[in-house]
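**Student:** Sharing start14.txt here; it has compact mmCIF, C-alpha atoms and all ligand atoms.
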# COMPACT_ATOMS: atom_id res chain seq x y z
CA MET A 1332 7.39 26.92 13.66
CA LEU A 1333 4.47 26.34 15.99
CA ALA A 1334 3.84 28.22 19.19
CA ALA A 1335 0.73 27.81 21.30
CA SER A 1336 -0.05 29.60 24.52
CA GLY A 1337 -2.84 29.52 27.06
CA ILE A 1338 -4.86 26.82 25.34
CA TYR A 1339 -8.08 25.95 27.17
CA CYS A 1340 -10.42 23.28 25.77
CA SER A 1341 -13.60 21.79 27.15
CA TYR A 1342 -16.50 19.70 25.91
CA GLY A 1343 -20.18 19.97 26.76
CA SER A 1344 -22.44 22.74 27.96
CA ALA A 1345 -21.49 25.53 30.34
CA ASP A 1346 -23.05 23.84 33.39
CA ALA A 1347 -21.83 20.31 32.64
CA SER A 1348 -18.57 20.77 30.87
CA ILE A 1349 -15.49 18.59 30.93
CA LYS A 1350 -12.42 20.77 31.12
CA VAL A 1351 -9.77 18.96 29.12
CA LEU A 1352 -6.95 21.49 28.74
CA ARG A 1353 -6.26 24.20 31.30
CA GLY A 1354 -3.84 26.63 29.79
CA ALA A 1355 -1.44 24.55 27.70
CA ASP A 1356 1.72 26.20 26.34
CA ILE A 1357 4.04 24.57 23.82
CA THR A 1358 6.60 25.73 21.27
CA ILE A 1359 8.05 23.55 18.53
CA LYS A 1360 11.10 24.63 16.57
CA VAL A 1361 12.08 23.88 12.99
CA GLY A 1362 13.17 20.26 12.58
CA GLU A 1363 12.23 19.31 16.10
CA VAL A 1364 10.38 16.09 16.98
CA VAL A 1365 8.30 16.51 20.11
CA ALA A 1366 6.16 13.91 21.87
CA VAL A 1367 3.12 14.41 24.07
CA THR A 1368 2.37 11.52 26.37
CA GLY A 1369 -0.45 11.06 28.85
CA PRO A 1370 -3.06 8.52 29.85
CA SER A 1371 -6.06 7.75 27.68
CA GLY A 1372 -8.55 10.60 27.98
CA SER A 1373 -5.94 13.12 29.13
CA GLY A 1374 -6.52 15.30 26.06
CA LYS A 1375 -3.73 14.47 23.61
CA SER A 1376 -6.04 14.33 20.60
CA THR A 1377 -7.87 17.46 21.77
CA LEU A 1378 -4.53 19.30 21.95
CA LEU A 1379 -3.48 18.17 18.47
CA HIS A 1380 -6.82 19.25 17.01
CA ALA A 1381 -6.52 22.71 18.59
CA LEU A 1382 -2.89 23.16 17.48
CA GLY A 1383 -3.73 21.85 14.01
CA LEU A 1384 -6.50 24.45 13.60
CA LEU A 1385 -9.16 21.77 13.34
CA GLU A 1386 -11.09 22.43 16.56
CA ARG A 1387 -11.28 25.86 18.11
CA PRO A 1388 -10.08 26.05 21.71
CA ASP A 1389 -12.16 28.00 24.27
CA ARG A 1390 -9.20 30.32 24.68
CA GLY A 1391 -5.61 30.58 23.59
CA LYS A 1392 -3.37 31.47 20.71
CA VAL A 1393 -1.85 29.18 18.09
CA LEU A 1394 0.90 30.66 15.93
CA VAL A 1395 1.72 28.60 12.84
CA CYS A 1396 4.81 30.03 11.14
CA ASP A 1397 4.06 33.35 12.92
CA GLU A 1398 0.44 33.51 11.78
CA ASP A 1399 -2.23 33.54 14.47
CA GLY A 1400 -4.35 30.65 13.17
CA TRP A 1401 -7.49 31.12 15.23
CA GLU A 1402 -7.66 34.86 14.43
CA LEU A 1403 -7.89 34.26 10.68
CA SER A 1404 -11.09 33.92 8.64
CA THR A 1405 -12.24 30.34 8.06
CA ARG A 1406 -10.92 30.42 4.51
CA LYS A 1407 -7.52 31.85 5.45
CA ARG A 1408 -7.25 29.37 8.29
CA ALA A 1409 -7.96 26.46 5.93
CA GLU A 1410 -5.30 27.79 3.56
CA LEU A 1411 -2.74 28.07 6.34
CA ARG A 1412 -3.59 24.55 7.49
CA ASN A 1413 -3.31 23.07 4.02
CA ARG A 1414 -0.02 24.80 3.32
CA LYS A 1415 1.77 24.28 6.60
CA ILE A 1416 0.29 21.36 8.52
CA GLY A 1417 0.10 17.63 7.82
CA PHE A 1418 -1.99 15.22 9.87
CA VAL A 1419 -1.79 11.58 10.73
CA PHE A 1420 -5.09 10.97 12.52
CA GLN A 1421 -5.75 8.54 15.35
CA PHE A 1422 -9.02 7.20 13.97
CA HIS A 1423 -9.50 8.57 10.47
CA HIS A 1424 -7.54 6.25 8.35
CA LEU A 1425 -7.13 5.96 4.63
CA LEU A 1426 -10.08 6.12 2.27
CA GLU A 1427 -10.93 2.47 1.70
CA GLU A 1428 -12.27 2.85 -1.83
CA PHE A 1429 -9.00 4.32 -3.10
CA THR A 1430 -5.60 2.72 -3.59
CA LEU A 1431 -2.63 3.78 -1.48
CA ARG A 1432 -1.34 5.87 -4.41
CA GLU A 1433 -4.71 7.59 -4.79
CA ASN A 1434 -4.89 8.24 -1.06
CA VAL A 1435 -1.50 9.98 -1.14
CA MET A 1436 -2.49 11.91 -4.30
CA MET A 1437 -5.66 13.23 -2.68
CA PRO A 1438 -4.30 16.38 -0.99
CA CYS A 1439 -2.58 17.39 -4.26
CA LEU A 1440 -5.76 16.88 -6.29
CA ILE A 1441 -7.74 18.88 -3.74
CA ALA A 1442 -5.15 21.66 -4.09
CA GLY A 1443 -5.80 21.68 -7.85
CA GLU A 1444 -2.73 19.84 -9.16
CA SER A 1445 -2.99 17.68 -12.28
CA SER A 1446 -3.35 13.96 -11.74
CA GLU A 1447 0.01 13.30 -13.48
CA GLU A 1448 1.77 15.67 -11.12
CA ALA A 1449 -0.05 14.24 -8.09
CA ALA A 1450 0.71 10.64 -9.09
CA SER A 1451 4.39 11.34 -9.55
CA LYS A 1452 4.62 13.05 -6.15
CA ALA A 1453 2.69 10.19 -4.55
CA ASP A 1454 5.01 7.58 -6.04
CA ARG A 1455 8.09 9.45 -4.92
CA LEU A 1456 6.77 9.47 -1.36
CA LEU A 1457 5.60 5.86 -1.41
CA GLU A 1458 9.13 5.01 -2.49
CA LYS A 1459 10.58 7.08 0.34
CA VAL A 1460 8.40 5.42 2.99
CA GLY A 1461 9.19 2.00 1.55
CA ILE A 1462 5.85 0.83 0.14
CA ILE A 1463 6.01 1.67 -3.57
CA HIS A 1464 5.30 -2.01 -4.27
CA ARG A 1465 1.91 -1.54 -2.61
CA ALA A 1466 0.95 1.62 -4.55
CA SER A 1467 -1.96 0.08 -6.40
CA HIS A 1468 -3.28 -1.93 -3.46
CA PHE A 1469 -6.35 -0.93 -1.49
CA PRO A 1470 -5.97 -0.22 2.24
CA SER A 1471 -7.90 -3.36 3.17
CA ARG A 1472 -5.25 -5.45 1.41
CA VAL A 1473 -2.14 -4.13 3.15
CA SER A 1474 -0.74 -4.51 6.67
CA GLY A 1475 -1.20 -2.05 9.54
CA GLY A 1476 2.37 -0.82 9.20
CA GLU A 1477 1.96 -0.29 5.46
CA LYS A 1478 -1.25 1.67 6.05
CA GLN A 1479 0.51 3.83 8.59
CA ARG A 1480 3.37 4.50 6.15
CA ALA A 1481 0.81 5.50 3.53
CA ALA A 1482 -0.90 7.81 6.05
CA ILE A 1483 2.49 9.42 6.77
CA ALA A 1484 3.16 9.81 3.03
CA ARG A 1485 -0.24 11.47 2.65
CA ALA A 1486 0.52 13.79 5.58
CA ILE A 1487 3.77 15.05 4.00
CA VAL A 1488 2.86 15.15 0.31
CA MET A 1489 2.07 18.89 0.43
CA LYS A 1490 5.46 19.52 2.11
CA PRO A 1491 4.04 20.81 5.39
CA ASP A 1492 6.34 22.52 7.88
CA ILE A 1493 4.86 20.57 10.74
CA VAL A 1494 3.23 17.16 10.97
CA LEU A 1495 0.85 16.37 13.82
CA ALA A 1496 0.63 12.63 14.30
CA ASP A 1497 -1.88 11.12 16.74
CA GLU A 1498 -0.72 7.70 17.97
CA PRO A 1499 1.19 6.95 14.76
CA THR A 1500 2.30 3.60 16.15
CA GLY A 1501 -0.81 2.94 18.23
CA ASN A 1502 -2.10 -0.16 16.47
CA LEU A 1503 1.19 -1.72 15.41
CA ASP A 1504 3.22 -4.60 16.80
CA ALA A 1505 6.56 -3.84 18.46
CA ASP A 1506 8.79 -4.41 15.41
CA THR A 1507 6.55 -2.48 13.04
CA SER A 1508 6.32 0.36 15.57
CA VAL A 1509 10.08 0.65 15.61
CA GLU A 1510 10.15 0.81 11.80
CA VAL A 1511 7.53 3.56 11.72
CA GLU A 1512 9.36 5.43 14.52
CA ASN A 1513 12.61 5.26 12.57
CA LEU A 1514 10.82 6.51 9.49
CA ILE A 1515 9.44 9.53 11.38
CA MET A 1516 12.87 10.40 12.80
CA LYS A 1517 14.41 10.07 9.32
CA LEU A 1518 11.78 12.29 7.72
CA ALA A 1519 12.33 14.93 10.40
CA ASP A 1520 16.11 14.80 9.98
CA GLU A 1521 16.21 15.17 6.25
CA GLY A 1522 13.38 17.61 5.74
CA SER A 1523 13.88 20.31 8.39
CA ARG A 1524 10.31 19.38 9.22
CA SER A 1525 8.87 19.36 12.72
CA PHE A 1526 6.73 16.60 14.16
CA LEU A 1527 4.43 16.62 17.15
CA LEU A 1528 3.50 13.08 18.15
CA ALA A 1529 0.81 12.04 20.61
CA THR A 1530 1.77 8.65 21.89
CA HIS A 1531 1.44 6.00 24.56
CA SER A 1532 4.64 4.40 23.37
CA GLN A 1533 7.59 4.87 25.74
CA ASP A 1534 9.92 3.81 22.93
CA LEU A 1535 8.66 6.48 20.61
CA ALA A 1536 8.63 9.07 23.39
CA SER A 1537 12.24 8.31 24.28
CA ALA A 1538 13.42 8.61 20.66
CA VAL A 1539 12.27 12.22 20.22
CA HIS A 1540 14.05 15.53 20.86
CA ARG A 1541 11.70 16.83 23.57
CA ARG A 1542 8.82 15.44 25.55
CA PHE A 1543 5.73 16.82 27.20
CA SER A 1544 3.30 15.04 29.43
CA LEU A 1545 -0.36 15.81 29.92
CA SER A 1546 -2.01 15.19 33.26
CA SER A 1547 -5.22 16.65 34.74
CA GLY A 1548 -5.42 19.18 31.94
CA VAL A 1549 -1.90 20.49 32.52
CA LEU A 1550 0.81 20.13 29.92
CA SER A 1551 4.37 20.12 31.23
CA GLU A 1552 7.73 19.51 29.66
CA VAL A 1553 9.53 16.38 30.85
CA LEU A 1554 13.10 17.46 31.57
N1 LIG B 1 -16.30 15.24 20.97
C1 LIG B 1 -16.24 15.09 22.30
N2 LIG B 1 -17.31 15.34 23.07
C2 LIG B 1 -17.28 15.20 24.41
N3 LIG B 1 -16.17 14.82 25.09
C3 LIG B 1 -15.07 14.54 24.38
C4 LIG B 1 -15.04 14.65 22.95
N4 LIG B 1 -13.80 14.31 22.52
C5 LIG B 1 -13.11 14.01 23.62
N5 LIG B 1 -13.85 14.14 24.73
C6 LIG B 1 -13.40 13.93 26.13
O1 LIG B 1 -12.27 14.75 26.35
C7 LIG B 1 -11.27 14.07 27.09
C8 LIG B 1 -9.96 14.05 26.28
O2 LIG B 1 -10.14 13.26 25.10
P1 LIG B 1 -8.96 13.03 24.05
O3 LIG B 1 -9.53 12.25 22.95
O4 LIG B 1 -8.35 14.34 23.72
O5 LIG B 1 -7.94 12.16 24.92
P2 LIG B 1 -6.65 11.36 24.46
O6 LIG B 1 -5.57 11.72 25.42
O7 LIG B 1 -6.40 11.59 23.01
O8 LIG B 1 -7.08 9.85 24.70
P3 LIG B 1 -6.58 8.51 23.92
O9 LIG B 1 -5.21 8.22 24.45
O10 LIG B 1 -7.58 7.48 24.38
O11 LIG B 1 -6.63 8.78 22.47
C9 LIG B 1 -11.85 12.69 27.38
O12 LIG B 1 -12.40 12.72 28.67
C10 LIG B 1 -12.92 12.52 26.34
O13 LIG B 1 -13.93 11.68 26.81
MG MG B 2 -6.40 10.39 21.39
Here is a file; write its structure as C-alpha cells.
**Tutor:**
Amino acid sequence: MLAASGIYCSYGSADASIKVLRGADITIKVGEVVAVTGPSGSGKSTLLHALGLLERPDRGKVLVCDEDGWELSTRKRAELRNRKIGFVFQFHHLLEEFTLRENVMMPCLIAGESSEEAASKADRLLEKVGIIHRASHFPSRVSGGEKQRAAIARAIVMKPDIVLADEPTGNLDADTSVEVENLIMKLADEGSRSFLLATHSQDLASAVHRRFSLSSGVLSEVL
C-alpha cells in the first residue's frame, strides 16, 4: 500500500540545517492501522508530509500503491495523491466559511463531480461518522470531536487507499478521543483502508496494529 525507504528530511540552509529524519523506512499494508509516536518536534508531521507527497524529502523513495511518488511529474504526483491518499491535518482544519457538508463535499467538487453527487456522498459519510445532524452547521458552531469527525469524513470521501492523520485526537478530551479512535479503527476494519496516525496518545497508539517511534531522527518499529 505504502512503502517508504531511506527518507531524509531537513529544514534550513546547507550550513545551518536541522536534520529531522535520518533514513526512515516504513511499510504499511492494506487494511493496517499504524501509529507513529515521538516527542514534540521529533518529526512526525514532517514524516507524514513526505509520505503523503506534500513535501519533498532530501532523499528517499515513497511508493504509493507501487508508484514512486517523488519520481512523478508534479501533475501526476497530485493525481496520485488525490486518488490514493486522504489527510487529516494537525493544524489545517475545516474551512470556516463552509458548512460541515460543504467541507466534506469539497474534494469531490475539486475532482469535477456534480454538486448533487458530492452532497449525497458527503451526507453518507457524515451519517457514517455520526454527525449527519450537524451537516448544515458551520465549524465554529460544533464541538472539537464533531469537527474531527468531519475532517475524517473529508479525508475519506474520495475513497483513498491510505489515510494519513496527524494527531487526530490531539485537541480532544479523553472520552471524545476514545470515540474518534474507535471510529478510525472501525473505518479501517470495514474499508480495507490503511491508516497512518501520528499521535501523542498512548491509548490510540496501543489500539493500532503496529507502532513506530521516532527519536533523534530515527524511526524504529516498537515490537
Ligand atoms: N517549516 C519548517 N521550517 C523550519 N523548521 C521546521 C519546519 N517545520 C518543522 N520544523 C522543525 O522540524 C522539527 C520536526 O517538526 P515536526 O513538526 O515534524 O515535529 P512533530 O513531531 O510533528 O511535532 P509535534 O508533536 O509538536 O506536532 C522541529 O524541530 C521543527 O521545529
Ligand atoms: Mg506535528
**Student:** Using only C-alpha atoms and all ligand atoms, which residues have at least one atom no more than 8 Å from ligand MG 2 (chain B)? Output them as number ranges by chain.
**Tutor:** A: 1371-1372, 1374-1377, 1421, 1497-1498, 1529
**Student:** Calculate how many Å separate CA of Ile1462 (chain A) from CA of Arg1480 (chain A), rounding to one decimal.
**Tutor:** 7.5 Å
**Student:** With a distance cut-off of 7 Å and only C-alpha atoms, select the neighbouring residues of Lys1350 (chain A), excluding the residue or stretch itself and same-chain residues fewer than 2 positions from it, and output the selection as a list in words.
**Tutor:**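 My reading of the contact set: Cys1340, Ser1341, Tyr1342, Ser1348 and Leu1352 of chain A.
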**Student:** Work out how far CA of Leu1518 (chain A) is from CA of Met1332 (chain A), in Å to one decimal.
**Tutor:**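 According to the coordinates, CA of Met1332 (chain A) and CA of Leu1518 (chain A) are separated by 16.4 Å.
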**Student:** Could you give me, as a ChimeraX atom specification, the residues within 7 Å of region 1431-1439 of chain A, counting all atoms listed in the file and dropping anything in the same chain fewer than 3 positions from it?
**Tutor:** /A:1425-1426,1442-1444,1449-1450,1453-1454,1466-1470,1481,1484-1485,1488-1489
**Student:** Residues as selected, C-alpha atoms, written as a short mmCIF file (atom, residue, chain, number, x, y, z; two decimals), in the frame of the given file, can you do that?
**Tutor:**
data_model
loop_
_atom_site.label_atom_id
_atom_site.label_comp_id
_atom_site.auth_asym_id
_atom_site.auth_seq_id
_atom_site.Cartn_x
_atom_site.Cartn_y
_atom_site.Cartn_z
CA LEU A 1425 -7.13 5.96 4.63
CA LEU A 1426 -10.08 6.12 2.27
CA ALA A 1442 -5.15 21.66 -4.09
CA GLY A 1443 -5.80 21.68 -7.85
CA GLU A 1444 -2.73 19.84 -9.16
CA ALA A 1449 -0.05 14.24 -8.09
CA ALA A 1450 0.71 10.64 -9.09
CA ALA A 1453 2.69 10.19 -4.55
CA ASP A 1454 5.01 7.58 -6.04
CA ALA A 1466 0.95 1.62 -4.55
CA SER A 1467 -1.96 0.08 -6.40
CA HIS A 1468 -3.28 -1.93 -3.46
CA PHE A 1469 -6.35 -0.93 -1.49
CA PRO A 1470 -5.97 -0.22 2.24
CA ALA A 1481 0.81 5.50 3.53
CA ALA A 1484 3.16 9.81 3.03
CA ARG A 1485 -0.24 11.47 2.65
CA VAL A 1488 2.86 15.15 0.31
CA MET A 1489 2.07 18.89 0.43
#
**Student:** Which one is closest to ligand LIG 1 (chain B): A:Ala1366, A:Leu1456, A:Val1361, A:Leu1379? Count all atoms listed in the file.
**Tutor:**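 Closest residue, counting all atoms listed in the file: A:Leu1379.
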**Student:** Would you please work out which residue, of A:Ser1537, A:Thr1530, A:Asn1513, A:Ser1471, is nearest to ligand LIG 1 (chain B) when using only C-alpha atoms and all ligand atoms?
**Tutor:** A:Thr1530
**Student:** What separation in Å, quoted to one decimal, exists between CA of Phe1420 (chain A) and atom O13 of ligand LIG 1 (chain B)?
**Tutor:**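 These two atoms are separated by 16.8 Å.
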**Student:** Can you find the residues with an atom no farther than 8 Å from (2.3, 8.6, 8.8), counting all atoms listed in the file, and report them as a ChimeraX atom specification?
**Tutor:** /A:1418-1419,1479-1486,1496,1499,1511,1515
**Student:** Which residue gives the smallest distance to ligand LIG 1 (chain B) among A:His1380, A:Arg1465, A:Arg1353, A:His1540, with only C-alpha atoms and all ligand atoms counted?
**Tutor:** A:His1380
**Student:** To box ligand LIG 1 (chain B), take all atoms listed in the file, fit an axis-aligned box, add 8 Å on each side, and give centre and edge lengths in Å to one decimal, as lines of an AutoDock Vina configuration file.
**Tutor:**
center_x = -11.3
center_y = 11.4
center_z = 24.8
size_x = 28.1
size_y = 23.9
size_z = 23.7
**Student:** Pick out the closest residue to ligand LIG 1 (chain B) from this set: A:Glu1512, A:Glu1458, A:Glu1428, A:Glu1386. Count all atoms listed in the file.
**Tutor:**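 So, comparing all the options, the nearest one is A:Glu1386.
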**Student:** Please list as a PyMOL selection string every residue within 9 Å of Leu1545 (chain A), counting only C-alpha atoms and excluding residues in the same chain fewer than 5 positions away.
**Tutor:** chain A and resi 1352+1367-1370+1373-1375+1550-1552
**Student:** Would you write out those residues with C-alpha atoms, as a PDB file, keeping the file's coordinate frame?
**Tutor:**
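Below you can see out.pdb, which holds the result:
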ATOM      1  CA  LEU A1352      -6.950  21.490  28.740  1.00  0.00           C
ATOM      2  CA  VAL A1367       3.120  14.410  24.070  1.00  0.00           C
ATOM      3  CA  THR A1368       2.370  11.520  26.370  1.00  0.00           C
ATOM      4  CA  GLY A1369      -0.450  11.060  28.850  1.00  0.00           C
ATOM      5  CA  PRO A1370      -3.060   8.520  29.850  1.00  0.00           C
ATOM      6  CA  SER A1373      -5.940  13.120  29.130  1.00  0.00           C
ATOM      7  CA  GLY A1374      -6.520  15.300  26.060  1.00  0.00           C
ATOM      8  CA  LYS A1375      -3.730  14.470  23.610  1.00  0.00           C
ATOM      9  CA  LEU A1550       0.810  20.130  29.920  1.00  0.00           C
ATOM     10  CA  SER A1551       4.370  20.120  31.230  1.00  0.00           C
ATOM     11  CA  GLU A1552       7.730  19.510  29.660  1.00  0.00           C
TER      12      GLU A1552
END
**Student:** Mind running region 1334-1379 of chain A against region 1396-1401 of chain A at 10 Å and telling me each contacting residue's nearest atom pair with the distance in Å (one decimal), counting all atoms listed in the file, chain and number ascending, as CSV?
**Tutor:**
residue,atom,partner,partner_atom,distance
A:Ala1334,CA,A:Asp1397,CA,8.1
A:Ala1335,CA,A:Asp1399,CA,9.4
A:Lys1360,CA,A:Cys1396,CA,9.9
A:Val1361,CA,A:Cys1396,CA,9.7
